[in-house]
Structures are given as C-alpha cells and as structure tokens.
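Q: Have a peek at input.csv (CSV, C-alpha atoms and all ligand atoms).
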chain,number,residue,atom,x,y,z
A,1,MET,CA,17.0,-14.4,0.8
A,2,GLY,CA,19.8,-12.3,-0.6
A,3,ASP,CA,19.4,-13.0,-4.4
A,4,LEU,CA,18.9,-10.8,-7.4
A,5,TYR,CA,15.3,-10.0,-6.5
A,6,ASP,CA,16.2,-8.9,-3.0
A,7,ALA,CA,19.0,-6.8,-4.5
A,8,ILE,CA,16.8,-4.9,-7.1
A,9,PRO,CA,16.2,-1.5,-5.6
A,10,LYS,CA,12.5,-0.9,-5.0
A,11,VAL,CA,9.9,1.7,-4.2
A,12,GLU,CA,6.7,0.4,-2.5
A,13,LEU,CA,3.5,2.4,-2.9
A,14,HIS,CA,0.9,0.0,-1.6
A,15,CYS,CA,1.6,-1.4,1.8
A,16,HIS,CA,-0.6,-1.1,5.0
A,17,VAL,CA,1.5,-0.7,8.1
A,18,GLU,CA,-1.0,-2.7,10.1
A,19,GLY,CA,-0.6,-5.6,7.6
A,20,THR,CA,3.2,-5.7,8.1
A,21,VAL,CA,3.2,-6.6,11.8
A,22,ARG,CA,5.5,-9.5,12.8
A,23,ALA,CA,3.6,-12.5,14.2
A,24,GLY,CA,5.5,-12.2,17.5
A,25,THR,CA,4.6,-8.5,17.8
A,26,VAL,CA,0.9,-9.2,17.2
A,27,LEU,CA,1.0,-11.7,20.0
A,28,GLU,CA,2.8,-9.3,22.4
A,29,LEU,CA,0.6,-6.3,21.5
A,30,ALA,CA,-2.6,-8.4,21.8
A,31,ARG,CA,-1.6,-9.6,25.3
A,32,LYS,CA,-0.6,-6.0,26.3
A,33,ALA,CA,-3.9,-4.7,25.1
A,34,GLY,CA,-5.8,-7.4,27.1
A,35,ARG,CA,-7.1,-8.8,23.8
A,36,PRO,CA,-5.4,-12.2,23.6
A,37,LEU,CA,-5.8,-13.9,20.2
A,38,PRO,CA,-7.7,-17.2,20.0
A,39,VAL,CA,-4.6,-18.9,18.7
A,40,GLU,CA,-0.9,-19.4,19.7
A,41,ASP,CA,0.4,-18.3,16.3
A,42,PRO,CA,-1.4,-15.5,14.5
A,43,ALA,CA,-0.4,-17.1,11.2
A,44,GLU,CA,-3.1,-19.7,11.9
A,45,LEU,CA,-5.6,-16.9,11.3
A,46,TYR,CA,-4.1,-15.9,8.0
A,47,ARG,CA,-6.2,-17.8,5.5
A,48,TYR,CA,-8.7,-15.9,3.5
A,49,THR,CA,-11.5,-16.7,1.1
A,50,SER,CA,-12.3,-13.1,0.1
A,51,LEU,CA,-11.4,-9.5,0.8
A,52,ASP,CA,-14.0,-9.3,3.5
A,53,THR,CA,-12.9,-12.4,5.4
A,54,PHE,CA,-9.3,-11.0,5.3
A,55,LEU,CA,-10.6,-7.6,6.7
A,56,ALA,CA,-12.1,-9.4,9.7
A,57,ILE,CA,-8.6,-10.6,10.6
A,58,PHE,CA,-6.9,-7.3,9.6
A,59,TRP,CA,-9.3,-5.5,12.1
A,60,LEU,CA,-8.3,-7.9,14.9
A,61,VAL,CA,-4.6,-7.0,14.3
A,62,GLN,CA,-5.6,-3.3,14.2
A,63,GLU,CA,-7.3,-3.6,17.5
A,64,THR,CA,-4.0,-4.6,19.2
A,65,LEU,CA,-2.7,-1.0,18.6
A,66,VAL,CA,-3.7,1.0,21.6
A,67,GLU,CA,-1.1,3.6,22.3
A,68,PRO,CA,1.3,5.8,20.2
A,69,ALA,CA,4.3,3.5,21.2
A,70,ASP,CA,2.5,0.6,19.5
A,71,TRP,CA,2.3,2.5,16.2
A,72,GLU,CA,5.9,3.6,16.6
A,73,ARG,CA,7.0,0.0,17.0
A,74,ILE,CA,5.2,-1.4,14.0
A,75,ALA,CA,6.3,1.5,11.8
A,76,TYR,CA,9.9,0.9,12.8
A,77,GLU,CA,9.8,-2.9,12.4
A,78,SER,CA,8.1,-2.8,9.1
A,79,LEU,CA,10.9,-0.7,7.5
A,80,VAL,CA,13.7,-2.7,9.3
A,81,ASP,CA,12.1,-5.9,7.9
A,82,ALA,CA,11.8,-4.6,4.4
A,83,ALA,CA,15.3,-3.1,4.1
A,84,PRO,CA,17.1,-6.5,3.3
A,85,HIS,CA,14.7,-7.0,0.4
A,86,GLY,CA,15.7,-4.0,-1.5
A,87,LEU,CA,13.2,-1.4,-0.3
A,88,ARG,CA,14.6,2.1,-0.7
A,89,TYR,CA,11.5,4.2,-0.3
A,90,ARG,CA,7.9,3.5,0.8
A,91,GLU,CA,4.6,5.4,0.9
A,92,THR,CA,2.8,3.6,3.7
A,93,PHE,CA,-0.9,3.4,4.5
A,94,PHE,CA,-2.4,3.7,7.9
A,95,THR,CA,-6.1,3.4,8.6
A,96,PRO,CA,-7.1,4.5,12.1
A,97,ALA,CA,-10.9,4.6,11.8
A,98,ARG,CA,-11.6,2.1,14.6
A,99,HIS,CA,-9.0,3.8,16.8
A,100,LEU,CA,-10.6,7.2,16.3
A,101,ALA,CA,-14.0,5.7,16.9
A,102,ALA,CA,-12.6,4.3,20.2
A,103,GLY,CA,-11.5,7.8,21.2
A,104,HIS,CA,-7.8,7.6,20.4
A,105,ASP,CA,-6.0,10.8,19.4
A,106,LEU,CA,-5.0,11.1,15.7
A,107,GLY,CA,-2.0,13.3,16.7
A,108,GLY,CA,-0.6,10.6,18.9
A,109,ILE,CA,-1.0,8.0,16.2
A,110,VAL,CA,0.7,10.2,13.6
A,111,ASP,CA,3.5,11.1,16.1
A,112,GLY,CA,4.0,7.4,16.9
A,113,LEU,CA,4.2,6.4,13.3
A,114,SER,CA,6.5,9.3,12.4
A,115,ALA,CA,8.9,8.5,15.3
A,116,GLY,CA,9.1,4.9,14.2
A,117,ILE,CA,9.8,5.9,10.6
A,118,ALA,CA,12.5,8.4,11.7
A,119,ALA,CA,14.2,5.8,13.8
A,120,ALA,CA,14.1,3.2,11.0
A,121,GLU,CA,15.4,5.7,8.5
A,122,ALA,CA,18.4,6.4,10.8
A,123,ASP,CA,19.1,2.7,11.2
A,124,THR,CA,18.5,1.5,7.6
A,125,GLY,CA,18.7,4.4,5.2
A,126,VAL,CA,15.3,3.4,3.8
A,127,ARG,CA,12.9,6.4,3.7
A,128,ALA,CA,9.2,6.5,4.1
A,129,SER,CA,6.1,8.7,4.1
A,130,LEU,CA,2.6,8.1,5.2
A,131,ILE,CA,-0.8,8.0,3.4
A,132,ALA,CA,-3.8,8.4,5.7
A,133,ASP,CA,-6.5,6.0,4.5
A,134,MET,CA,-10.2,6.3,5.2
A,135,ASP,CA,-11.8,3.0,6.1
A,136,ARG,CA,-14.9,2.6,3.8
A,137,ALA,CA,-16.5,0.3,6.4
A,138,TYR,CA,-17.0,3.3,8.6
A,139,GLY,CA,-18.8,5.3,5.9
A,140,PRO,CA,-18.3,8.6,4.3
A,141,ALA,CA,-19.2,10.8,7.3
A,142,ALA,CA,-16.5,9.2,9.4
A,143,GLY,CA,-14.1,9.6,6.5
A,144,LEU,CA,-14.8,13.3,6.2
A,145,GLU,CA,-14.4,13.8,10.0
A,146,PHE,CA,-11.0,12.0,9.8
A,147,ILE,CA,-9.8,14.2,7.0
A,148,GLU,CA,-10.9,17.3,9.0
A,149,LEU,CA,-8.8,16.1,11.9
A,150,LEU,CA,-5.9,15.4,9.6
A,151,VAL,CA,-6.1,18.9,8.0
A,152,ALA,CA,-6.1,20.5,11.4
A,153,LEU,CA,-3.1,18.5,12.4
A,154,ARG,CA,-1.3,19.5,9.2
A,155,ARG,CA,-2.1,23.2,9.8
A,156,ALA,CA,-0.6,22.8,13.4
A,157,GLY,CA,2.6,21.5,11.8
A,158,ARG,CA,2.1,18.0,13.2
A,159,ALA,CA,1.6,15.8,10.1
A,160,GLU,CA,4.7,16.4,8.0
A,161,ARG,CA,5.2,12.7,7.2
A,162,VAL,CA,1.6,12.4,5.9
A,163,ILE,CA,1.8,13.4,2.2
A,164,GLY,CA,-1.4,11.7,0.9
A,165,VAL,CA,-4.9,10.6,1.6
A,166,GLY,CA,-6.5,7.4,0.3
A,167,MET,CA,-9.3,4.9,1.0
A,168,ASP,CA,-9.3,1.2,1.6
A,169,SER,CA,-11.2,-1.7,3.3
A,170,THR,CA,-14.4,-3.2,2.0
A,171,GLU,CA,-15.4,-2.4,-1.6
A,172,LEU,CA,-18.4,-4.5,-2.4
A,173,GLY,CA,-21.7,-2.6,-2.0
A,174,VAL,CA,-19.9,0.7,-1.2
A,175,ASP,CA,-20.7,3.8,-3.2
A,176,LEU,CA,-17.3,5.4,-3.7
A,177,SER,CA,-18.8,8.7,-4.9
A,178,ALA,CA,-20.0,9.4,-1.3
A,179,PHE,CA,-16.3,10.0,-0.3
A,180,LYS,CA,-16.1,13.0,-2.7
A,181,PRO,CA,-16.3,15.7,0.0
A,182,ALA,CA,-13.5,14.1,2.0
A,183,PHE,CA,-11.2,13.9,-1.1
A,184,GLU,CA,-12.0,17.5,-2.0
A,185,LEU,CA,-11.1,18.7,1.4
A,186,ALA,CA,-7.9,16.7,1.3
A,187,ARG,CA,-6.9,18.0,-2.1
A,188,GLY,CA,-7.6,21.6,-1.0
A,189,ALA,CA,-5.3,21.1,1.9
A,190,GLY,CA,-2.5,20.0,-0.3
A,191,PHE,CA,-2.6,16.2,0.1
A,192,ARG,CA,-1.9,13.9,-2.8
A,193,LEU,CA,-4.8,11.4,-3.5
A,194,THR,CA,-5.1,7.7,-4.1
A,195,GLY,CA,-7.7,5.0,-3.5
A,196,HIS,CA,-8.3,1.3,-3.6
A,197,ALA,CA,-10.6,0.5,-6.5
A,198,GLY,CA,-11.4,-2.5,-8.7
A,199,GLU,CA,-9.9,-5.0,-6.2
A,200,ALA,CA,-12.8,-7.1,-4.7
A,201,VAL,CA,-14.5,-10.0,-6.6
A,202,GLY,CA,-17.8,-8.6,-7.9
A,203,THR,CA,-16.4,-5.1,-8.6
A,204,GLY,CA,-15.7,-3.9,-12.1
A,205,PRO,CA,-14.0,-1.0,-13.8
A,206,ARG,CA,-16.7,1.4,-12.8
A,207,ASN,CA,-15.1,2.0,-9.4
A,208,VAL,CA,-11.8,2.9,-11.2
A,209,ARG,CA,-13.7,5.4,-13.3
A,210,VAL,CA,-15.5,6.9,-10.2
A,211,ALA,CA,-12.1,7.2,-8.3
A,212,LEU,CA,-10.5,8.9,-11.3
A,213,ASP,CA,-13.3,11.1,-12.6
A,214,LEU,CA,-15.2,12.0,-9.5
A,215,LEU,CA,-12.8,11.6,-6.6
A,216,ARG,CA,-9.9,12.8,-8.8
A,217,VAL,CA,-7.3,10.5,-7.3
A,218,GLU,CA,-3.8,10.5,-8.9
A,219,ARG,CA,-3.1,6.8,-8.5
A,220,ILE,CA,-5.3,3.7,-8.2
A,221,ASP,CA,-4.5,1.0,-5.7
A,222,HIS,CA,-5.0,-2.5,-7.2
A,223,GLY,CA,-7.3,-1.4,-10.1
A,224,VAL,CA,-7.1,-4.9,-11.7
A,225,ALA,CA,-10.7,-4.7,-12.8
A,226,ILE,CA,-9.6,-2.1,-15.4
A,227,MET,CA,-8.6,-4.9,-17.7
A,228,GLU,CA,-12.4,-5.5,-18.4
A,229,ASP,CA,-12.5,-2.0,-20.0
A,230,PRO,CA,-10.1,-1.6,-22.9
A,231,GLU,CA,-11.0,2.1,-23.5
A,232,LEU,CA,-10.3,2.9,-19.8
A,233,VAL,CA,-7.0,1.0,-20.1
A,234,ASN,CA,-5.9,3.1,-23.1
A,235,ARG,CA,-6.8,6.3,-21.2
A,236,VAL,CA,-5.0,5.4,-18.0
A,237,ALA,CA,-2.0,4.2,-19.9
A,238,GLY,CA,-2.0,7.4,-22.0
A,239,GLU,CA,-2.2,9.6,-19.0
A,240,ARG,CA,0.4,7.5,-17.1
A,241,ILE,CA,-1.8,7.2,-14.1
A,242,PRO,CA,-0.1,4.6,-11.9
A,243,LEU,CA,-1.7,1.4,-10.6
A,244,THR,CA,-0.2,0.0,-7.4
A,245,VAL,CA,-0.8,-3.6,-8.1
A,246,CYS,CA,-0.3,-6.4,-5.5
A,247,PRO,CA,-0.4,-9.7,-7.4
A,248,ASN,CA,0.1,-12.1,-4.5
A,249,SER,CA,-2.5,-10.3,-2.5
A,250,ASN,CA,-5.0,-10.4,-5.4
A,251,VAL,CA,-4.6,-14.2,-5.3
A,252,VAL,CA,-4.5,-14.9,-1.5
A,253,ILE,CA,-6.5,-12.0,-0.1
A,254,ALA,CA,-9.1,-11.0,-2.7
A,255,ASN,CA,-9.1,-14.4,-4.3
A,256,ARG,CA,-9.7,-12.6,-7.6
A,257,PHE,CA,-7.4,-14.9,-9.6
A,258,PRO,CA,-6.8,-18.6,-8.9
A,259,SER,CA,-3.0,-18.3,-9.3
A,260,LEU,CA,-0.2,-15.8,-10.0
A,261,GLU,CA,0.1,-17.3,-13.4
A,262,ALA,CA,-3.5,-16.3,-14.1
A,263,HIS,CA,-3.0,-12.7,-12.9
A,264,PRO,CA,-3.1,-10.1,-15.7
A,265,PHE,CA,0.1,-8.3,-14.6
A,266,ARG,CA,2.0,-8.9,-17.8
A,267,ALA,CA,-1.1,-7.9,-19.9
A,268,MET,CA,-1.3,-4.7,-17.9
A,269,ARG,CA,2.3,-3.9,-18.6
A,270,GLU,CA,2.0,-4.8,-22.2
A,271,ALA,CA,-1.0,-2.5,-22.5
A,272,GLY,CA,1.3,0.3,-21.4
A,273,LEU,CA,-0.1,0.7,-17.9
A,274,VAL,CA,2.3,2.1,-15.2
A,275,ALA,CA,1.6,-1.0,-13.1
A,276,THR,CA,3.9,-1.4,-10.1
A,277,ILE,CA,4.6,-4.4,-7.8
A,278,ASN,CA,3.7,-4.2,-4.1
A,279,THR,CA,3.1,-6.5,-1.2
A,280,ASP,CA,-0.1,-4.9,0.4
A,281,ASP,CA,-0.1,-6.8,3.7
A,282,PRO,CA,3.2,-8.8,3.8
A,283,GLY,CA,3.0,-9.8,7.5
A,284,MET,CA,-0.4,-11.4,7.0
A,285,THR,CA,0.4,-13.2,3.7
A,286,ASP,CA,3.9,-14.6,4.5
A,287,LEU,CA,5.5,-12.3,2.0
A,288,ASP,CA,8.3,-9.8,1.6
A,289,LEU,CA,9.1,-7.5,-1.3
A,290,GLY,CA,11.8,-9.8,-2.7
A,291,VAL,CA,9.4,-12.7,-2.7
A,292,GLU,CA,6.8,-10.6,-4.4
A,293,TYR,CA,9.1,-9.5,-7.2
A,294,ARG,CA,10.6,-13.0,-7.5
A,295,THR,CA,7.3,-14.9,-7.7
A,296,VAL,CA,5.7,-12.4,-10.0
A,297,ALA,CA,8.7,-12.4,-12.3
A,298,ALA,CA,8.6,-16.3,-12.4
A,299,ALA,CA,4.9,-16.7,-12.9
A,300,GLN,CA,4.5,-13.9,-15.4
A,301,ARG,CA,7.8,-14.7,-17.2
A,302,LEU,CA,9.3,-11.2,-16.8
A,303,SER,CA,12.8,-10.6,-18.0
A,304,PHE,CA,15.4,-8.7,-15.9
A,305,ASP,CA,14.8,-5.6,-18.1
A,306,GLU,CA,11.0,-5.9,-17.7
A,307,VAL,CA,11.4,-6.1,-13.9
A,308,ALA,CA,13.9,-3.2,-13.9
A,309,ALA,CA,11.3,-1.1,-15.8
A,310,VAL,CA,8.7,-1.9,-13.1
A,311,ALA,CA,11.2,-0.8,-10.4
A,312,LEU,CA,11.9,2.4,-12.2
A,313,ASP,CA,8.1,3.0,-12.7
A,314,GLY,CA,7.9,2.8,-8.9
A,315,VAL,CA,10.1,5.9,-8.7
A,316,GLU,CA,8.0,7.7,-11.3
A,317,ALA,CA,4.7,6.8,-9.6
A,318,SER,CA,6.0,7.9,-6.2
A,319,TRP,CA,5.1,11.3,-4.8
A,320,LEU,CA,8.7,12.3,-4.4
A,321,GLU,CA,9.3,15.6,-6.1
A,322,GLY,CA,12.0,17.5,-8.1
A,323,ASP,CA,15.6,16.7,-7.3
A,324,ASP,CA,14.6,14.1,-4.7
A,325,LYS,CA,12.9,12.0,-7.3
A,326,ARG,CA,15.6,12.5,-9.9
A,327,ARG,CA,18.3,11.5,-7.4
A,328,LEU,CA,16.4,8.3,-6.5
A,329,ARG,CA,15.9,7.5,-10.2
A,330,GLY,CA,19.6,7.9,-10.8
A,331,GLU,CA,20.5,5.6,-7.9
A,332,PHE,CA,18.1,3.0,-9.2
A,333,GLU,CA,19.5,3.2,-12.8
A,334,ALA,CA,23.1,2.8,-11.6
A,335,ARG,CA,22.2,-0.1,-9.3
A,336,LEU,CA,20.1,-1.8,-12.0
A,337,ASP,CA,23.0,-1.5,-14.5
A,338,ASP,CA,25.3,-3.2,-11.9
A,339,LEU,CA,22.8,-6.0,-11.4
A,340,ARG,CA,21.9,-6.6,-15.1
A,341,PRO,CA,22.9,-10.2,-15.9
A,342,ALA,CA,25.4,-10.5,-18.8
A,343,SER,CA,22.8,-12.4,-20.8
A,344,ALA,CA,19.9,-9.9,-20.2
B,1,LIG,N1,-6.7,-3.1,4.0
B,1,LIG,C1,-5.6,-3.8,4.1
B,1,LIG,N2,-5.4,-4.5,3.0
B,1,LIG,C2,-6.4,-4.2,2.2
B,1,LIG,C3,-6.7,-4.5,0.9
B,1,LIG,N3,-6.0,-5.4,0.1
B,1,LIG,N4,-7.8,-4.0,0.3
B,1,LIG,C4,-8.6,-3.2,1.0
B,1,LIG,N5,-8.3,-2.8,2.3
B,1,LIG,C5,-7.2,-3.3,2.8
B,2,ZN,ZN,-4.3,-2.4,0.0
Can you turn what I pasted into structure tokens?

A:
Amino acid sequence: MGDLYDAIPKVELHCHVEGTVRAGTVLELARKAGRPLPVEDPAELYRYTSLDTFLAIFWLVQETLVEPADWERIAYESLVDAAPHGLRYRETFFTPARHLAAGHDLGGIVDGLSAGIAAAEADTGVRASLIADMDRAYGPAAGLEFIELLVALRRAGRAERVIGVGMDSTELGVDLSAFKPAFELARGAGFRLTGHAGEAVGTGPRNVRVALDLLRVERIDHGVAIMEDPELVNRVAGERIPLTVCPNSNVVIANRFPSLEAHPFRAMREAGLVATINTDDPGMTDLDLGVEYRTVAAAQRLSFDEVAAVALDGVEASWLEGDDKRRLRGEFEARLDDLRPASA
C-alpha cells in the first residue's frame, strides 16, 4: 500500500464491475437476494482451474445483483477501492445478460451504475465510463437483443455513461463471427467497440483476427494468443490497436501461463504492441491495480520508464477524446516526472 506502484497514475480499460465486488458486499447482497452463498467467506470460492470454472463463480456473484441500488453500490465501491491505487480513469464492463433474461430492466441497471459512478467521481475525483458487454454464453441472438435495448436507451438520452460495447464470458467453442450483427448495430449507433479474444486455453490468434476483421473492434481485451502469429503482431503493432492485457488474470483465471514470469507481457511490449496493464476481476483474484503493476513490473523486469510508458499508453488507448485526452496525458506526464527515481 502507498508505494511507487500505487502512486503511478493509471487508466484501466479492462475491469468487470461485477468482478470488483468486495467480499463483504457479496455476502450482504447474497443474503438480501435470498441466495445465500455456500460458504462464510466468498474468497473460499475464488480458486479457478480455467476460464469456464471462473465464470461459474462470476455468475454466482452476478446473481446477487437484483435491483438498481445493488448496481449503484458496486459501481461506487469499485471506484472508491481503486482510487488509493492510482486509478484516474476507468472504462468499466458490465454484463447484464442473466439479469435481462430474468426480466430486469436495462434502464434501471444503467441508471444504478451511472449513479454509483457519479457519486464516486464526486468523492474521489476518479472518472469512469461504461462498456456494455454481451455475454457469449447467452448466444448471438440475446446479444443482438441486448444491443437493440441499449440503442433505444441511448436514443432516449438514458445511456450517457455507456460509451462502448464489447463481449466477454466463455470463448472456447464460440463462433465470434455470429456476433457481427450486434457489433454492426452498435457501431451504427455511435458506440466504440472492443471484445475479449485470444484469452482461453485452446483459443489461438484466429479469434483476434475475427474480432478485428469481421467484428471491426477497435481494441482487443486480453489478446495474448496473438503472440502465436508474428504477422498479426506486426499489423496490430503497426496500426496501434490496443490490447487490454490482464497478466495476473491470465495466470489465475484462464490458467494460460503457469506464472507471471512466464507471461509474454514484456515480449508484447518489445514487439511494439500497445499492451496495457489491467486487473480484470480484482475482487475475485485478491488484486488491486497497484499490486497488478507492482507484480508485473517485478516478474517481467520492467524499469520505471517502461512502466511509465505502459501508463501513458493507457491514456492513448482510452476512448477519451480531444482536449479531455490531452489534459489527462499532460497530468500523467507531470506526475510521472515527479515520481521518476533519480536513478531511472
Ligand atoms: N468475465 C469476467 N472476467 C472475464 C474474463 N477474464 N474473460 C471473459 N469473461 C469474463
Ligand atoms: Zn475480462
């Protein structure tokens, strides 16, 4: 707590609000929802052998969110908890497929999240936007219906915080190309686009190509499989398409690498990729953004200047625009200059 890695100013572009929930909040919400957990401490559930075993637990946490006030609470707490670890701006995923299937109102969910973010912004100065993610486990038809609802909400002026659309959840055995109509609709309505691809064990760089070429996403979430395709690496680096990488998650959730030391993060940076550092689901992996930066820097032997470049790439990769982005970049540069060790 409170060291250089907490002080480094950070943007986070890959964080699921449902994966940030404090253990105590999960317990309270589960009780309130009449869905008590099978354990006293939710952390006892937080051990995973694959992305899909993680998702089974993630879905349990999601099911504790019943009313707009629950979404408001977790959005608020997630920013308040991240502020001491250097977070300055976050683009946060929410994935309400099971809530919509259960008859919840998308407008209420977005209102709740937006209210929580606004309150946290006022209390901490950290800013945040939302990315509406399709849950691939529910299939492309549900994805399209979700985006239709979202577009209607936007046209009604009720989705100002939602700046982008993405997809997450299970990857193995999913045909990403089936989500094309939903992404087309979202793009036509003015949403920015991203998508999880090349994360799960057993998936290769093909999913990254499909996401870029067919779904026309602007960023790739994870994308670590890209390292198996040097030609694609060169193209993605050349076009400065950002990859929102979550190294600790890739070890403890997807189990794609045996250790942080074995993660290709440094190789990705050295190949010229705009690879950023993110926590994914910090509440379910005993992480915060300071720990993520600190452990990745140590395991991958990143110098201060290499870490500072990652932080600045976070600003570039964000969907902030114009003066807003320039201002944040200037603030980051000034703070990083202050923090640079004399020997760096
Ligand atoms: N939902 C929450 N975390 C996820 C991850 N790492 N991959 C896919 N879906 C997710
Ligand atoms: Zn994710």

Q: Please give me, as a short mmCIF file (atom, residue, chain, number, x, y, z; two decimals) with C-alpha atoms, in the coordinates of the input, the residues lying within 10 Å of ligand LIG 1 (chain B) when counting all atoms listed in the file.

A:
data_model
loop_
_atom_site.label_atom_id
_atom_site.label_comp_id
_atom_site.auth_asym_id
_atom_site.auth_seq_id
_atom_site.Cartn_x
_atom_site.Cartn_y
_atom_site.Cartn_z
CA HIS A 14 0.90 0.00 -1.60
CA CYS A 15 1.60 -1.40 1.80
CA HIS A 16 -0.60 -1.10 5.00
CA VAL A 17 1.50 -0.70 8.10
CA GLU A 18 -1.00 -2.70 10.10
CA GLY A 19 -0.60 -5.60 7.60
CA THR A 20 3.20 -5.70 8.10
CA SER A 50 -12.30 -13.10 0.10
CA LEU A 51 -11.40 -9.50 0.80
CA ASP A 52 -14.00 -9.30 3.50
CA PHE A 54 -9.30 -11.00 5.30
CA LEU A 55 -10.60 -7.60 6.70
CA ILE A 57 -8.60 -10.60 10.60
CA PHE A 58 -6.90 -7.30 9.60
CA TRP A 59 -9.30 -5.50 12.10
CA PHE A 93 -0.90 3.40 4.50
CA PHE A 94 -2.40 3.70 7.90
CA THR A 95 -6.10 3.40 8.60
CA ASP A 133 -6.50 6.00 4.50
CA MET A 134 -10.20 6.30 5.20
CA ASP A 135 -11.80 3.00 6.10
CA ARG A 136 -14.90 2.60 3.80
CA ALA A 137 -16.50 0.30 6.40
CA MET A 167 -9.30 4.90 1.00
CA ASP A 168 -9.30 1.20 1.60
CA SER A 169 -11.20 -1.70 3.30
CA THR A 170 -14.40 -3.20 2.00
CA GLU A 171 -15.40 -2.40 -1.60
CA GLY A 195 -7.70 5.00 -3.50
CA HIS A 196 -8.30 1.30 -3.60
CA ALA A 197 -10.60 0.50 -6.50
CA GLY A 198 -11.40 -2.50 -8.70
CA GLU A 199 -9.90 -5.00 -6.20
CA ALA A 200 -12.80 -7.10 -4.70
CA ASP A 221 -4.50 1.00 -5.70
CA HIS A 222 -5.00 -2.50 -7.20
CA VAL A 245 -0.80 -3.60 -8.10
CA CYS A 246 -0.30 -6.40 -5.50
CA SER A 249 -2.50 -10.30 -2.50
CA ASN A 250 -5.00 -10.40 -5.40
CA VAL A 252 -4.50 -14.90 -1.50
CA ILE A 253 -6.50 -12.00 -0.10
CA ALA A 254 -9.10 -11.00 -2.70
CA THR A 279 3.10 -6.50 -1.20
CA ASP A 280 -0.10 -4.90 0.40
CA ASP A 281 -0.10 -6.80 3.70
CA PRO A 282 3.20 -8.80 3.80
CA MET A 284 -0.40 -11.40 7.00
#

Q: Quick one: residues within 7 Å of segment 287-300 of chain A, all atoms listed in the file counted, chain neighbours fewer than 2 positions away excluded, as a list in words?

A: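 Residues meeting the cut-off are Tyr5, Asp6, Ala82, His85, Asn248, Leu260, Glu261, Arg266, Ile277, Asn278, Thr279, Pro282, Gly283, Thr285 and Leu302 of chain A.
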
Q: Could you tell me which of A:Leu232, A:Val126, A:Ala211, A:Ile131 comes closest to ligand ZN 2 (chain B) if we count all atoms listed in the file?

A: A:Ile131

Q: For the atom pair atom CA of Leu193 of chain A and atom CA of Arg219 of chain A, what is the interatomic distance in Å to one decimal place?

A: 7.0 Å

Q: Pick out the residues sitting within 10 Å of Thr203 of chain A, and hand them over as JSON, numbers by chain; count all atoms listed in the file, and ignore anything fewer than 6 positions along from it in its own chain.

A: {"A": [171, 172, 173, 197, 223, 224, 225]}

Q: With only C-alpha atoms and all ligand atoms as the basis for distance, which of A:Leu243, A:Ala69, A:Leu215, A:Ala189 is at the shortest distance from ligand ZN 2 (chain B)?

A: A:Leu243

Q: List as a CSV table (one decimal) with C-alpha atoms, in the coordinates of the input the protein and nucleic acid residues near Arg161 of chain A, meaning an atom at most 7 Å away when only C-alpha atoms are counted, but skip any in the same chain fewer than 5 places from it.

A:
chain,number,residue,atom,x,y,z
A,114,SER,CA,6.5,9.3,12.4
A,129,SER,CA,6.1,8.7,4.1
A,130,LEU,CA,2.6,8.1,5.2

Q: Looking at only C-alpha atoms and all ligand atoms, which of A:Pro181, A:Val80, A:Gly103, A:Thr194 is the one that sits closest to ligand ZN 2 (chain B)?

A: A:Thr194

Q: Given all atoms listed in the file as the basis, pick out the residue of A:Asp175, A:Glu77, A:Asp70, A:Asp3 nearest to Ala30 of chain A.

A: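 Closest residue, counting all atoms listed in the file: A:Asp70.
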
Q: Show me, as number ranges by chain, the residues that have an atom within 12 Å of Leu27 of chain A when counting only C-alpha atoms, minus same-chain residues fewer than 2 positions from it.

A: A: 21-25, 29-43, 60-61, 63-65

Q: Measure the distance from atom CA of Pro264 of chain A to atom CA of Leu320 of chain A in Å and round it to one decimal.

A: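 These atoms are spaced 27.7 Å apart.
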
Q: Record the distance separating atom CA of Leu214 of chain A and atom CA of Arg187 of chain A, expressed in Å with one decimal.

A: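 Rounded to one decimal, the two atoms are 12.6 Å apart.
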
Q: Quick one: of A:Arg216, A:Tyr89, A:Glu148, A:Gly166, who's nearest to ligand ZN 2 (chain B), counting only C-alpha atoms and all ligand atoms?

A: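 Closest candidate: A:Gly166.
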
Q: Pick the closest to ligand ZN 2 (chain B) from A:Ile220, A:Val26, A:Ile109, A:Ala159: which is it, counting only C-alpha atoms and all ligand atoms?

A: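 Residue with the minimum atom-to-atom distance to ligand ZN 2 (chain B): A:Ile220.
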